[in-house]
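Chemist: For reference, the structure I am asking about is given below.
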Amino acid sequence: MKIQVQYFGQVRALVHKRGEEVDVSSTATVLQLLQHLVHAYGVALEAEVLEDDGTTVRDGLLVTVNGRAIGQLEGVHTGLHSHDVLALLPLFAGGG
Amino acid sequence: MIWIKKKSFTEKVKRSLYGYKGKILYVDLSSGRLKTGSFDEDFAKAYIGGTGFGIKTLIDNQAPGIDPFDPANPLIYAVGAVSGTMVPCAASKFGVFAKSPESHLLGESYSTGRFGAELKHAGYDIVVIKGKAPKPVYLWIDDESVQMMDASHLWGKTTWETEEIIRNDLGDQLIRVSAIGQGGENLVKTACLINDHFRAAGRTGMGAIAGSKNLKAVAVRGTQDVVVAKPEELQDLCRDLYEQAKGPATSKYRGLGTAANVLTLNAQAALPTRNYQSATFEGAETVSGEYLNEHFVTKIAGCTSCPCRCEHIAEVPEGVFKGAIARVEYEPTMAFGPYCGVDRLDAVIKAIEYCNLYGVDAIGTGIIVGFGMECYEKGLITKEDTGGVELEFGNGEAMVEMVKKIALREDIGDLLAEGVKVASEKIGQGSAHFAMHIKGVEVTGYELRGLKTCALGYAVSRRGADHQRHGSYGWDLGGKVDRYSVDKERGKLVMGDEDTYCIFDSIILCKFTRRLWDFDLIAKIYTLVTGIPMTGEEMRLAGERMSNLARLYNIREGLTRKDDTLPPRIMKDPIPRGVAKGSYVHPEELDTLLDGYYEARGWTKEGVPTKAKIEELGLGEYAEIAEKEEP
Amino acid sequence: MVKHEFVTVIPDKCVGCRICEYVCSLQKDNVFNPTRSRIRVVRIYPTTNASLTCRLCEDAPCVIACPRKALTQSEETGVILVDDDLCNGCGWCFEACDFGAITLDPDKKVVRICDLCSDREAGPACVEWCPEEALELTTKDILSQKARIDSIQRLIKAAAAAEAT
């Protein structure tokens with residue numbers, strides 16, 4: 001099925017795209033999609049997106065599905081549906 | 001051949017404190033009198049530095065209930081416990097404290113760069129400036145020598161000109177200067193103190209306090225040693241911390257910088273836009289961190305002892321604002337970008353540059369301009385009021401012009417310079433509904449209608465609307481709690497955040513490195529520097545003590561539960577579109593949040609620290625403040 | 001040819017964080033004090049940062065200038081050596097040095113010049129600690145070699161770009 005992926009921050013700088021359509025299996029979870037991206041873009045992306053264990057989202061990266069933080073869904077095991085929008089967003093402290 | 005034997009005149013000073021200098025400088029600008037005081041290890045251990053020192057010194061040196069512009073209102077500088085050492089990202093941070101002319105409650109503001117370290121090397125942890133000079137002066141601290149210098153040739157000059165002239169007058173290019181611009185001279189309520197060109201003690205109007213004292217600047221040069229208790233162990237610990245500080249924990253600050261928040265918040269419908277009329281901005285891409293770095297950033301510099309370096313300095317290469325240069329972070333970008341409906345970064349950079357030069361807070365002033373734009377949109381103020389400026393949302397040139405008018409108090413700028421609370425009271429006609437402030441202090445960059453834990457943090461923040469006293473948007477945005485609903489447990493989260501940040505702002509550590517630290521590690525490094533034994537729990541308790549002392553100070557100055565609130569728009573108008581569409585904070589939700597927070601804090605239902613809590617924290621001498629509130 | 005190593009900065013990399021100053025004073029005097037440091041940062045607004053220390057001039061003017069012959073230059077390392085008994089802190093060498101690389105020990109009142117951390121096994125502390133790797137221990141020979149390679153690489157790039165259009 002087709003998932004719309006949106007890139008922001010450091011991730012965008014790495015993949016040189018604002019977003020793209022990604023094809024994954026119809027039962028794919030968020031984690032599987034992230035692993036799919038890591039496979040496509042390599043080690044540099046992996047460092048930005050996943051912790052060393054390869055199964056948790058890197059601290060400071062916000063992953064949303066249709067605008068909802070995955071922490072409020074089923075985390076990395078959140079199931080995806082056709083035409084969902086997944087966004088990879090940097091999380092910061094503000095100001096200075 | 002005459003041969004003169006060298007004598008050593010080095011005094012054998014019995015050192016009682018490591019890290020700290022243990023010295024307080026008292027300045028009376030009215031009489032010109034100077035004196036020094038000292039503090040001991042007990043004081044240091046209870047209040048740590050920075051925040052703790054500032055609040056404690058303020059409550060003890062300011063007569064209750066005075067007007068902020070009363071010469072008796074002390075303007076206090078306080079450096080951190082580890083200032084002037086190699087502790088990463090901590091050498092130069094300092095706080096400025098006084099009763100705020102915006103909130104008439106606690107005023108506090110923090111800055112960094114190079115000034116804080118210099119003050120420590122000059123031999124002072126705290127400087128207390130009272131009174132009012134008969135003519136403009138600047139304070140010149142040259143190690144032990146302290147003088148009040150004539151500043152009549154500096155009055156009317158920008159902050160950058162002031163620094164340059166002082167350095168040339170005194171013949172030393174290494175003098176650090178914390179100065180007001182025309183904004184502070186004109187008692188603009190968002191006036192700030194600028195040091196090292198791009199750094200500001202920005203919020204709560206501390207620049208206006210200096211202006212009210214005819215104090216143009218504090219100039220400092222310090223050549224003394226800062227001696228720590230365990231230099232070798234400190235160095236070993238720092239070696240590891242420096243590595244971490246250059247690693248993934250801080251990579252975002254070193255890469256795109258905080259301005260990358262713009263697109264994140266926009267995607268989450270949490271980006272205050274057009275004076276909080278909406279939470280998403282259609283022009284976000286061209287004012288994003290990504291765009292900024294690609295087109296405007298020319299250098300990323302660092303503060304003293306910082307291995308991260310995060311100062312994104314941006315220059316405008318062409319166009320009507322060509323040559324404008326400023327350090328650009330998320331908050332000023334928000335305030336002059338989406339908040340004013342402006343989608344071009346050259347105007348944003350110019351506006352921030354004006355704020356630096358004229359010495360006004362970029363965040364607060366941007367919010368004021370946005371408020372002005374909504375008034376103009378609604379016809380509550382006219383082109384005649386603005387001196388011909390078409391103050392429309394999206395008009396970058398008008399926005400830049402208005403910053404200047406506010407700093408110089410020209411046309412409607414004179415009224416807007418009073419802050420949105422006072423301005424809306426004068427303008428009337430329902431403008432109070434969209435005067436976005438809490439306790440008189442303008443809001444900052446997180447759309448609270450859809451971030452309810454964060455909303456609690458803002459509502460109870462001791463210095464008025466603020467994200468930096470808690471950082472509780474992390475829970476909401478990170479998806480760790482449901483951002484759209486409330487429960488009493490949020491109070492515990494905000495309390496924990498506040499007390500942690502009290503310690504951060506006392507040591508003083510840069511919050512961009514916060515992932516490196518926990519209380520145990522902070523206590524460890526504190527002991528290596530000062531030699532004072534401290535556990536993680538004692539640190540946490542010190543943070544709680546500071547939060548409570550600040551509360552007592554505010555209560556003394558008139559704070560009640562009614563002041564822990566949110567602007568009307570946040571409690572009435574739902575977010576119009578985006579993923580957070582429909583969300584706002586209901587009054588009952590605010591009550592739930594406050595009840596939970598006061599309970600977590602051990603305060604009464606009115607938000608007053610109980611006797612038990614006061615005793616627990618060793619604040620017994622201030623108990624009568626709470627007793628006065630008892631029914 | 002004698003190849004004297006000295007510490008030099010890559011200005012584009014320097015962010016003006018002053019960690020080099022702090023670790024130098026810590027290494028030499030066990031305290032934090034930039035005025036004791038033998039390497040000093042220069043920041044010129046808005047965006048220029050660089051740190052400077054002794055460049056081990058082949059024919060050191062400070063040595064020539066000293067009226068008491070308190071300064072000598074090691075032939076082996078090129079480092080400037082200070083005789084504490086002869087030095088009276090007159091400061092003539094400060095003026096002779098083109099780089100402002102000389103400082104005064106505030107306790108002993110004699111001059112101090114970078115000695116490449118001769119007492120430190122890992123070599124210069126500043127080079128090791130610079131978080132931006134903006135400091136390097138190098139020789140004039142190596143610096144000019146790098147400049148030559150750089151310039152030819154740039155020429156090749158420019159030629160390739162011109163050919164592509």
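The chains in the structure tokens are called A, B, ... from first to last as shown; in each chain the residues are counted from 1, and the ligands are counted from 1 in the order shown.
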Counting only C-alpha atoms, a student should be able to say which residues of chain A come within 9 Å of chain B; what is the right answer, written as an NGL selection string?

Modeler: :A and (8-10 or 12-13 or 47-48 or 59-64 or 66-73 or 87-96)

Chemist: For chain C against chain B, which residues fall within 7 Å using only C-alpha atoms, given as a list in words?

Modeler: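 Going by the stated atoms only, the list reads Val15, Gly16, Cys17, Arg18, Ile19, Tyr22, Asn30, Val31, Phe32, Asn33, Thr35, Thr47, Asp107 and Pro131 of chain C.
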
Chemist: Could you save those same residues with N, CA and C atoms as a tab-separated table (two decimals), in the first residue's frame?

Modeler:
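Done, and the output landed in part19.tsv:
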chain	number	residue	atom	x	y	z
C	15	VAL	N	35.08	28.57	16.49
C	15	VAL	CA	33.81	29.19	16.85
C	15	VAL	C	33.96	30.15	18.03
C	16	GLY	N	35.18	30.34	18.49
C	16	GLY	CA	35.41	31.30	19.55
C	16	GLY	C	34.94	30.83	20.91
C	17	CYS	N	34.91	29.53	21.15
C	17	CYS	CA	34.37	29.01	22.40
C	17	CYS	C	35.33	29.15	23.58
C	18	ARG	N	36.62	29.41	23.33
C	18	ARG	CA	37.60	29.69	24.37
C	18	ARG	C	37.94	28.50	25.25
C	19	ILE	N	37.58	27.31	24.83
C	19	ILE	CA	37.96	26.13	25.62
C	19	ILE	C	39.48	26.00	25.62
C	22	TYR	N	40.87	27.95	28.51
C	22	TYR	CA	40.62	27.35	29.82
C	22	TYR	C	41.51	26.13	30.05
C	30	ASN	N	46.80	25.11	36.89
C	30	ASN	CA	45.79	24.42	37.70
C	30	ASN	C	44.59	25.29	38.08
C	31	VAL	N	44.38	26.38	37.35
C	31	VAL	CA	43.22	27.23	37.61
C	31	VAL	C	42.59	27.58	36.27
C	32	PHE	N	41.37	28.15	36.31
C	32	PHE	CA	40.74	28.64	35.10
C	32	PHE	C	40.95	30.15	35.03
C	33	ASN	N	41.70	30.60	34.04
C	33	ASN	CA	41.95	32.02	33.90
C	33	ASN	C	42.50	32.31	32.51
C	35	THR	N	43.53	34.90	31.14
C	35	THR	CA	44.69	35.80	31.03
C	35	THR	C	46.00	35.07	31.31
C	47	THR	N	31.42	37.62	12.51
C	47	THR	CA	31.56	36.16	12.39
C	47	THR	C	33.00	35.65	12.38
C	107	ASP	N	51.74	35.61	39.14
C	107	ASP	CA	52.33	35.32	40.45
C	107	ASP	C	53.83	35.58	40.43
C	131	PRO	N	36.91	21.46	20.46
C	131	PRO	CA	35.78	20.64	20.02
C	131	PRO	C	35.53	20.71	18.52

Chemist: List every residue of range 293-528 of chain B that DSSP, applied to the backbone of this structure, assigns to helix (DSSP H, G or I), and report them as a compact mmCIF listing (two decimals) with N, CA and C atoms, in the first residue's frame.

Modeler:
# COMPACT_ATOMS: atom_id res chain seq x y z
N ASN B 293 18.79 28.06 7.10
CA ASN B 293 20.15 27.54 6.98
C ASN B 293 20.63 27.54 5.54
N GLU B 294 19.68 27.27 4.66
CA GLU B 294 20.06 27.18 3.26
C GLU B 294 20.41 28.53 2.67
N HIS B 295 19.69 29.59 3.10
CA HIS B 295 19.83 30.87 2.42
C HIS B 295 20.47 31.99 3.21
N TYR B 330 14.48 29.92 17.30
CA TYR B 330 13.08 29.67 16.98
C TYR B 330 12.17 30.81 17.43
N GLU B 331 12.30 31.20 18.69
CA GLU B 331 11.32 32.14 19.25
C GLU B 331 11.24 33.46 18.49
N PRO B 332 12.37 34.13 18.24
CA PRO B 332 12.26 35.38 17.47
C PRO B 332 11.73 35.14 16.05
N THR B 333 12.07 33.97 15.47
CA THR B 333 11.55 33.65 14.13
C THR B 333 10.04 33.53 14.18
N MET B 334 9.55 32.87 15.22
CA MET B 334 8.10 32.74 15.40
C MET B 334 7.47 34.11 15.58
N ALA B 335 8.08 34.91 16.45
CA ALA B 335 7.48 36.20 16.81
C ALA B 335 7.40 37.15 15.63
N PHE B 336 8.38 37.11 14.74
CA PHE B 336 8.38 38.03 13.60
C PHE B 336 7.99 37.34 12.29
N PRO B 338 5.53 33.78 11.61
CA PRO B 338 4.11 33.43 11.66
C PRO B 338 3.27 34.34 12.55
N TYR B 339 3.81 34.78 13.67
CA TYR B 339 3.01 35.58 14.59
C TYR B 339 2.52 36.86 13.94
N CYS B 340 3.33 37.40 13.03
CA CYS B 340 2.94 38.61 12.31
C CYS B 340 2.49 38.29 10.88
N LEU B 345 12.13 35.74 5.49
CA LEU B 345 13.13 35.75 6.55
C LEU B 345 13.98 37.02 6.58
N ASP B 346 14.09 37.70 5.43
CA ASP B 346 14.93 38.91 5.46
C ASP B 346 14.32 39.94 6.40
N ALA B 347 12.99 40.04 6.37
CA ALA B 347 12.33 40.98 7.29
C ALA B 347 12.46 40.50 8.73
N VAL B 348 12.39 39.19 8.93
CA VAL B 348 12.53 38.62 10.28
C VAL B 348 13.92 38.95 10.83
N ILE B 349 14.94 38.73 10.02
CA ILE B 349 16.31 38.99 10.46
C ILE B 349 16.50 40.47 10.76
N LYS B 350 15.93 41.32 9.93
CA LYS B 350 16.06 42.76 10.17
C LYS B 350 15.37 43.16 11.46
N ALA B 351 14.20 42.60 11.68
CA ALA B 351 13.47 42.93 12.91
C ALA B 351 14.26 42.50 14.15
N ILE B 352 14.87 41.31 14.08
CA ILE B 352 15.67 40.84 15.21
C ILE B 352 16.90 41.74 15.40
N GLU B 353 17.49 42.16 14.29
CA GLU B 353 18.65 43.07 14.38
C GLU B 353 18.25 44.36 15.07
N TYR B 354 17.11 44.91 14.70
CA TYR B 354 16.62 46.13 15.37
C TYR B 354 16.44 45.88 16.87
N CYS B 355 15.90 44.72 17.20
CA CYS B 355 15.71 44.40 18.62
C CYS B 355 17.05 44.37 19.35
N ASN B 356 18.07 43.81 18.71
CA ASN B 356 19.40 43.77 19.34
C ASN B 356 19.96 45.17 19.51
N LEU B 357 19.83 45.98 18.45
CA LEU B 357 20.44 47.31 18.48
C LEU B 357 19.72 48.24 19.45
N TYR B 358 18.38 48.23 19.38
CA TYR B 358 17.62 49.13 20.24
C TYR B 358 17.42 48.57 21.64
N ALA B 362 13.10 40.39 21.54
CA ALA B 362 12.56 40.01 20.22
C ALA B 362 11.22 39.29 20.36
N ILE B 363 11.10 38.41 21.35
CA ILE B 363 9.84 37.68 21.50
C ILE B 363 8.71 38.65 21.85
N GLY B 364 8.86 39.34 22.98
CA GLY B 364 7.79 40.23 23.45
C GLY B 364 7.42 41.29 22.43
N THR B 365 8.43 41.85 21.77
CA THR B 365 8.16 42.93 20.83
C THR B 365 7.44 42.40 19.60
N GLY B 366 7.81 41.19 19.17
CA GLY B 366 7.09 40.57 18.05
C GLY B 366 5.64 40.34 18.38
N ILE B 367 5.38 39.86 19.58
CA ILE B 367 3.99 39.63 20.02
C ILE B 367 3.23 40.97 20.05
N ILE B 368 3.91 42.03 20.51
CA ILE B 368 3.26 43.35 20.55
C ILE B 368 2.91 43.80 19.13
N VAL B 369 3.82 43.62 18.19
CA VAL B 369 3.56 44.03 16.80
C VAL B 369 2.38 43.22 16.25
N GLY B 370 2.36 41.92 16.55
CA GLY B 370 1.25 41.09 16.10
C GLY B 370 -0.08 41.57 16.66
N PHE B 371 -0.07 41.95 17.91
CA PHE B 371 -1.26 42.52 18.53
C PHE B 371 -1.67 43.78 17.81
N GLY B 372 -0.68 44.63 17.53
CA GLY B 372 -0.94 45.88 16.80
C GLY B 372 -1.56 45.61 15.43
N MET B 373 -1.08 44.53 14.79
CA MET B 373 -1.60 44.18 13.47
C MET B 373 -3.07 43.77 13.55
N GLU B 374 -3.43 43.03 14.59
CA GLU B 374 -4.83 42.63 14.70
C GLU B 374 -5.70 43.85 15.01
N CYS B 375 -5.18 44.75 15.81
CA CYS B 375 -5.94 45.99 16.08
C CYS B 375 -6.15 46.77 14.79
N TYR B 376 -5.13 46.83 13.97
CA TYR B 376 -5.19 47.55 12.69
C TYR B 376 -6.19 46.87 11.76
N GLU B 377 -6.12 45.53 11.73
CA GLU B 377 -7.02 44.73 10.89
C GLU B 377 -8.47 45.01 11.26
N GLY B 396 6.05 42.77 5.97
CA GLY B 396 7.35 42.69 6.64
C GLY B 396 7.97 44.04 6.89
N GLU B 397 7.83 44.93 5.93
CA GLU B 397 8.45 46.25 6.10
C GLU B 397 7.76 47.05 7.20
N ALA B 398 6.43 46.91 7.26
CA ALA B 398 5.69 47.58 8.32
C ALA B 398 6.10 47.04 9.68
N MET B 399 6.27 45.74 9.74
CA MET B 399 6.66 45.09 10.99
C MET B 399 8.00 45.64 11.48
N VAL B 400 8.95 45.72 10.57
CA VAL B 400 10.29 46.23 10.92
C VAL B 400 10.19 47.67 11.39
N GLU B 401 9.43 48.46 10.68
CA GLU B 401 9.26 49.87 11.04
C GLU B 401 8.64 50.01 12.42
N MET B 402 7.70 49.13 12.73
CA MET B 402 6.99 49.22 14.01
C MET B 402 7.91 48.87 15.17
N VAL B 403 8.86 47.95 14.97
CA VAL B 403 9.82 47.64 16.03
C VAL B 403 10.56 48.91 16.43
N LYS B 404 10.96 49.65 15.43
CA LYS B 404 11.69 50.90 15.68
C LYS B 404 10.78 51.89 16.42
N LYS B 405 9.53 51.99 15.96
CA LYS B 405 8.62 52.96 16.59
C LYS B 405 8.35 52.61 18.05
N ILE B 406 8.31 51.31 18.35
CA ILE B 406 8.09 50.90 19.73
C ILE B 406 9.31 51.26 20.57
N ALA B 407 10.49 50.96 20.05
CA ALA B 407 11.73 51.24 20.80
C ALA B 407 11.90 52.73 21.05
N LEU B 408 11.49 53.52 20.06
CA LEU B 408 11.67 54.97 20.16
C LEU B 408 10.40 55.68 20.65
N GLY B 413 3.55 53.53 18.67
CA GLY B 413 4.62 52.80 19.34
C GLY B 413 4.73 53.17 20.79
N ASP B 414 4.35 54.39 21.11
CA ASP B 414 4.41 54.85 22.49
C ASP B 414 3.46 54.05 23.37
N LEU B 415 2.26 53.79 22.86
CA LEU B 415 1.30 53.00 23.63
C LEU B 415 1.67 51.52 23.60
N LEU B 416 2.06 51.04 22.43
CA LEU B 416 2.42 49.62 22.32
C LEU B 416 3.63 49.29 23.18
N VAL B 420 1.21 44.55 25.69
CA VAL B 420 -0.14 44.33 25.16
C VAL B 420 -1.22 44.46 26.23
N LYS B 421 -0.88 44.16 27.48
CA LYS B 421 -1.90 44.25 28.53
C LYS B 421 -2.35 45.70 28.68
N VAL B 422 -1.41 46.58 28.92
CA VAL B 422 -1.76 47.99 29.12
C VAL B 422 -2.31 48.60 27.83
N ALA B 423 -1.71 48.25 26.70
CA ALA B 423 -2.17 48.80 25.42
C ALA B 423 -3.63 48.43 25.17
N SER B 424 -3.99 47.16 25.46
CA SER B 424 -5.36 46.74 25.20
C SER B 424 -6.33 47.42 26.17
N GLU B 425 -5.86 47.72 27.38
CA GLU B 425 -6.72 48.44 28.32
C GLU B 425 -7.03 49.83 27.79
N LYS B 426 -6.03 50.47 27.19
CA LYS B 426 -6.24 51.82 26.66
C LYS B 426 -7.07 51.78 25.38
N ILE B 427 -6.78 50.83 24.51
CA ILE B 427 -7.47 50.76 23.22
C ILE B 427 -8.91 50.29 23.41
N SER B 431 -10.28 44.59 22.65
CA SER B 431 -8.93 44.13 22.31
C SER B 431 -8.31 43.29 23.42
N ALA B 432 -8.85 43.38 24.62
CA ALA B 432 -8.30 42.56 25.70
C ALA B 432 -8.45 41.08 25.39
N HIS B 433 -9.45 40.75 24.55
CA HIS B 433 -9.67 39.35 24.20
C HIS B 433 -8.47 38.76 23.48
N PHE B 434 -7.79 39.59 22.71
CA PHE B 434 -6.65 39.05 21.96
C PHE B 434 -5.32 39.69 22.37
N LEU B 448 -0.87 27.05 22.96
CA LEU B 448 -1.30 26.37 24.17
C LEU B 448 -2.66 25.71 24.04
N ARG B 449 -3.47 26.13 23.07
CA ARG B 449 -4.80 25.57 22.95
C ARG B 449 -4.74 24.07 22.66
N GLY B 450 -3.65 23.63 22.07
CA GLY B 450 -3.53 22.20 21.75
C GLY B 450 -2.39 21.52 22.48
N LYS B 452 -1.84 20.99 26.32
CA LYS B 452 -2.43 21.36 27.60
C LYS B 452 -1.53 21.19 28.81
N THR B 453 -0.55 20.31 28.73
CA THR B 453 0.42 20.24 29.84
C THR B 453 1.25 21.52 29.82
N CYS B 454 1.65 21.89 28.63
CA CYS B 454 2.41 23.12 28.42
C CYS B 454 1.62 24.33 28.89
N ALA B 455 0.31 24.30 28.61
CA ALA B 455 -0.54 25.42 29.03
C ALA B 455 -0.48 25.61 30.54
N LEU B 456 -0.45 24.50 31.28
CA LEU B 456 -0.32 24.60 32.74
C LEU B 456 1.01 25.26 33.10
N GLY B 457 2.08 24.81 32.43
CA GLY B 457 3.39 25.39 32.70
C GLY B 457 3.40 26.90 32.52
N TYR B 458 2.75 27.35 31.44
CA TYR B 458 2.68 28.79 31.17
C TYR B 458 1.84 29.50 32.23
N ALA B 459 0.71 28.89 32.57
CA ALA B 459 -0.23 29.56 33.49
C ALA B 459 0.41 29.81 34.85
N VAL B 460 1.27 28.90 35.30
CA VAL B 460 1.84 29.03 36.64
C VAL B 460 3.26 29.57 36.63
N TYR B 473 6.14 21.43 27.08
CA TYR B 473 5.63 21.06 25.76
C TYR B 473 6.19 19.72 25.32
N GLY B 474 7.29 19.32 25.94
CA GLY B 474 7.92 18.04 25.60
C GLY B 474 6.96 16.88 25.79
N TRP B 475 6.18 16.92 26.88
CA TRP B 475 5.21 15.84 27.14
C TRP B 475 4.13 15.81 26.07
N ASP B 476 3.62 17.00 25.73
CA ASP B 476 2.53 17.10 24.77
C ASP B 476 2.99 16.73 23.37
N LEU B 477 4.04 17.40 22.91
CA LEU B 477 4.49 17.19 21.54
C LEU B 477 5.10 15.82 21.36
N ARG B 490 -0.90 16.01 35.56
CA ARG B 490 -0.02 16.92 34.82
C ARG B 490 0.74 17.84 35.76
N GLY B 491 0.12 18.11 36.90
CA GLY B 491 0.76 18.99 37.88
C GLY B 491 2.11 18.46 38.32
N LYS B 492 2.18 17.14 38.50
CA LYS B 492 3.45 16.53 38.92
C LYS B 492 4.50 16.70 37.84
N LEU B 493 4.06 16.55 36.57
CA LEU B 493 5.02 16.67 35.47
C LEU B 493 5.59 18.09 35.42
N VAL B 494 4.70 19.07 35.53
CA VAL B 494 5.15 20.47 35.44
C VAL B 494 6.04 20.82 36.63
N MET B 495 5.66 20.33 37.80
CA MET B 495 6.48 20.60 39.00
C MET B 495 7.89 20.04 38.80
N GLY B 496 7.97 18.80 38.33
CA GLY B 496 9.28 18.19 38.09
C GLY B 496 10.10 18.99 37.09
N ASP B 497 9.43 19.40 36.02
CA ASP B 497 10.13 20.20 35.01
C ASP B 497 10.63 21.51 35.60
N GLU B 498 9.77 22.19 36.37
CA GLU B 498 10.14 23.49 36.93
C GLU B 498 11.34 23.37 37.87
N ASP B 499 11.29 22.38 38.77
CA ASP B 499 12.37 22.26 39.74
C ASP B 499 13.68 21.88 39.05
N THR B 500 13.58 21.05 38.03
CA THR B 500 14.78 20.70 37.26
C THR B 500 15.37 21.94 36.62
N TYR B 501 14.51 22.72 36.02
CA TYR B 501 15.01 23.92 35.33
C TYR B 501 15.52 24.97 36.31
N CYS B 502 14.98 24.99 37.53
CA CYS B 502 15.54 25.90 38.54
C CYS B 502 17.01 25.58 38.75
N ILE B 503 17.33 24.30 38.82
CA ILE B 503 18.72 23.90 39.03
C ILE B 503 19.54 24.22 37.79
N PHE B 504 18.99 23.90 36.62
CA PHE B 504 19.70 24.25 35.40
C PHE B 504 20.06 25.72 35.39
N ASP B 505 19.11 26.55 35.81
CA ASP B 505 19.32 28.00 35.76
C ASP B 505 20.07 28.53 36.96
N SER B 506 20.53 27.65 37.83
CA SER B 506 21.34 28.08 38.96
C SER B 506 22.79 27.67 38.82
N ILE B 507 23.01 26.54 38.14
CA ILE B 507 24.38 26.03 37.99
C ILE B 507 25.23 26.95 37.11
N LYS B 511 20.30 24.72 28.47
CA LYS B 511 19.22 23.74 28.33
C LYS B 511 19.35 22.93 27.05
N PHE B 512 20.18 23.39 26.13
CA PHE B 512 20.37 22.61 24.92
C PHE B 512 21.14 21.32 25.21
N THR B 513 21.78 21.27 26.40
CA THR B 513 22.50 20.06 26.75
C THR B 513 21.72 19.23 27.76
N ARG B 514 20.43 19.54 27.91
CA ARG B 514 19.73 18.92 29.04
C ARG B 514 19.69 17.41 28.99
N ARG B 515 19.83 16.82 27.80
CA ARG B 515 19.81 15.36 27.75
C ARG B 515 21.05 14.74 28.38
N LEU B 516 22.08 15.53 28.59
CA LEU B 516 23.30 14.99 29.18
C LEU B 516 23.17 14.82 30.69
N PHE B 519 20.01 14.83 38.02
CA PHE B 519 20.37 15.48 39.29
C PHE B 519 21.66 14.92 39.88
N ASP B 520 21.85 13.62 39.77
CA ASP B 520 23.06 13.02 40.36
C ASP B 520 24.32 13.55 39.69
N LEU B 521 24.28 13.64 38.37
CA LEU B 521 25.45 14.12 37.65
C LEU B 521 25.69 15.60 37.93
N ILE B 522 24.60 16.35 38.01
CA ILE B 522 24.73 17.78 38.33
C ILE B 522 25.35 17.93 39.71
N ALA B 523 24.88 17.14 40.67
CA ALA B 523 25.43 17.22 42.02
C ALA B 523 26.91 16.87 42.01
N LYS B 524 27.26 15.87 41.21
CA LYS B 524 28.66 15.43 41.16
C LYS B 524 29.56 16.55 40.64
N ILE B 525 29.13 17.18 39.55
CA ILE B 525 29.99 18.20 38.97
C ILE B 525 30.03 19.44 39.87
N TYR B 526 28.91 19.68 40.56
CA TYR B 526 28.86 20.79 41.51
C TYR B 526 29.91 20.59 42.60
N THR B 527 30.00 19.36 43.11
CA THR B 527 30.96 19.06 44.17
C THR B 527 32.40 19.13 43.67
N LEU B 528 32.63 18.68 42.45
CA LEU B 528 33.99 18.76 41.92
C LEU B 528 34.45 20.21 41.78

Chemist: Excluding same-chain residues fewer than 4 positions from Val15 in chain A, what lies within 9 Å of it counting only C-alpha atoms, as number ranges by chain?

Modeler: A: 7, 10-11, 41, 45

Chemist: Counting only C-alpha atoms, which residue out of C:Leu71, C:Val9, C:Leu52, C:Cys20 sits closest to Val111 in chain C?

Modeler: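 Counting only C-alpha atoms, the residue closest to Val111 in chain C is C:Leu71.
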
Chemist: Which of chain A counts as strand (DSSP E or B) under DSSP, as a PyMOL selection string please?

Modeler: chain A and resi 2-7+19-23+29+50+57+61-65+68-69+79+85-90

Chemist: Within 10 Å of Asp591 in chain B, counting only C-alpha atoms, which residues show up once you throw out same-chain ones fewer than 3 positions away? Write them as a ChimeraX atom specification, please.

Modeler: /B:456,486,488,561,564-565,586-588,594-597

Chemist: Got time to write the residues from that selection, N, CA and C atoms, as a short mmCIF file (atom, residue, chain, number, x, y, z; two decimals), in the first residue's frame?

Modeler:
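Generated output (again_24.cif):
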data_model
loop_
_atom_site.label_atom_id
_atom_site.label_comp_id
_atom_site.auth_asym_id
_atom_site.auth_seq_id
_atom_site.Cartn_x
_atom_site.Cartn_y
_atom_site.Cartn_z
N LEU B 456 -0.45 24.50 31.28
CA LEU B 456 -0.32 24.60 32.74
C LEU B 456 1.01 25.26 33.10
N VAL B 486 -6.85 16.91 29.82
CA VAL B 486 -6.12 17.23 31.05
C VAL B 486 -6.42 16.21 32.13
N LYS B 488 -5.22 15.60 36.68
CA LYS B 488 -4.51 16.22 37.78
C LYS B 488 -3.04 15.81 37.83
N ARG B 561 -4.35 33.10 42.95
CA ARG B 561 -4.68 32.03 42.00
C ARG B 561 -5.24 32.61 40.70
N ASP B 564 -2.83 32.95 37.88
CA ASP B 564 -2.37 31.72 37.19
C ASP B 564 -3.45 31.38 36.18
N THR B 565 -3.39 32.03 35.06
CA THR B 565 -4.49 31.89 34.10
C THR B 565 -3.94 31.91 32.68
N HIS B 586 -10.59 24.74 28.17
CA HIS B 586 -11.80 25.16 28.88
C HIS B 586 -11.44 25.61 30.29
N PRO B 587 -12.19 26.57 30.81
CA PRO B 587 -11.91 27.04 32.17
C PRO B 587 -11.88 25.89 33.19
N GLU B 588 -12.78 24.92 33.04
CA GLU B 588 -12.78 23.80 33.99
C GLU B 588 -11.50 23.00 33.86
N LEU B 594 -4.69 23.37 37.54
CA LEU B 594 -4.16 24.13 38.67
C LEU B 594 -4.29 23.34 39.97
N ASP B 595 -5.46 22.72 40.16
CA ASP B 595 -5.66 21.94 41.38
C ASP B 595 -4.60 20.86 41.51
N GLY B 596 -4.37 20.15 40.40
CA GLY B 596 -3.37 19.08 40.42
C GLY B 596 -1.97 19.61 40.69
N TYR B 597 -1.66 20.75 40.12
CA TYR B 597 -0.34 21.35 40.30
C TYR B 597 -0.13 21.82 41.73
#
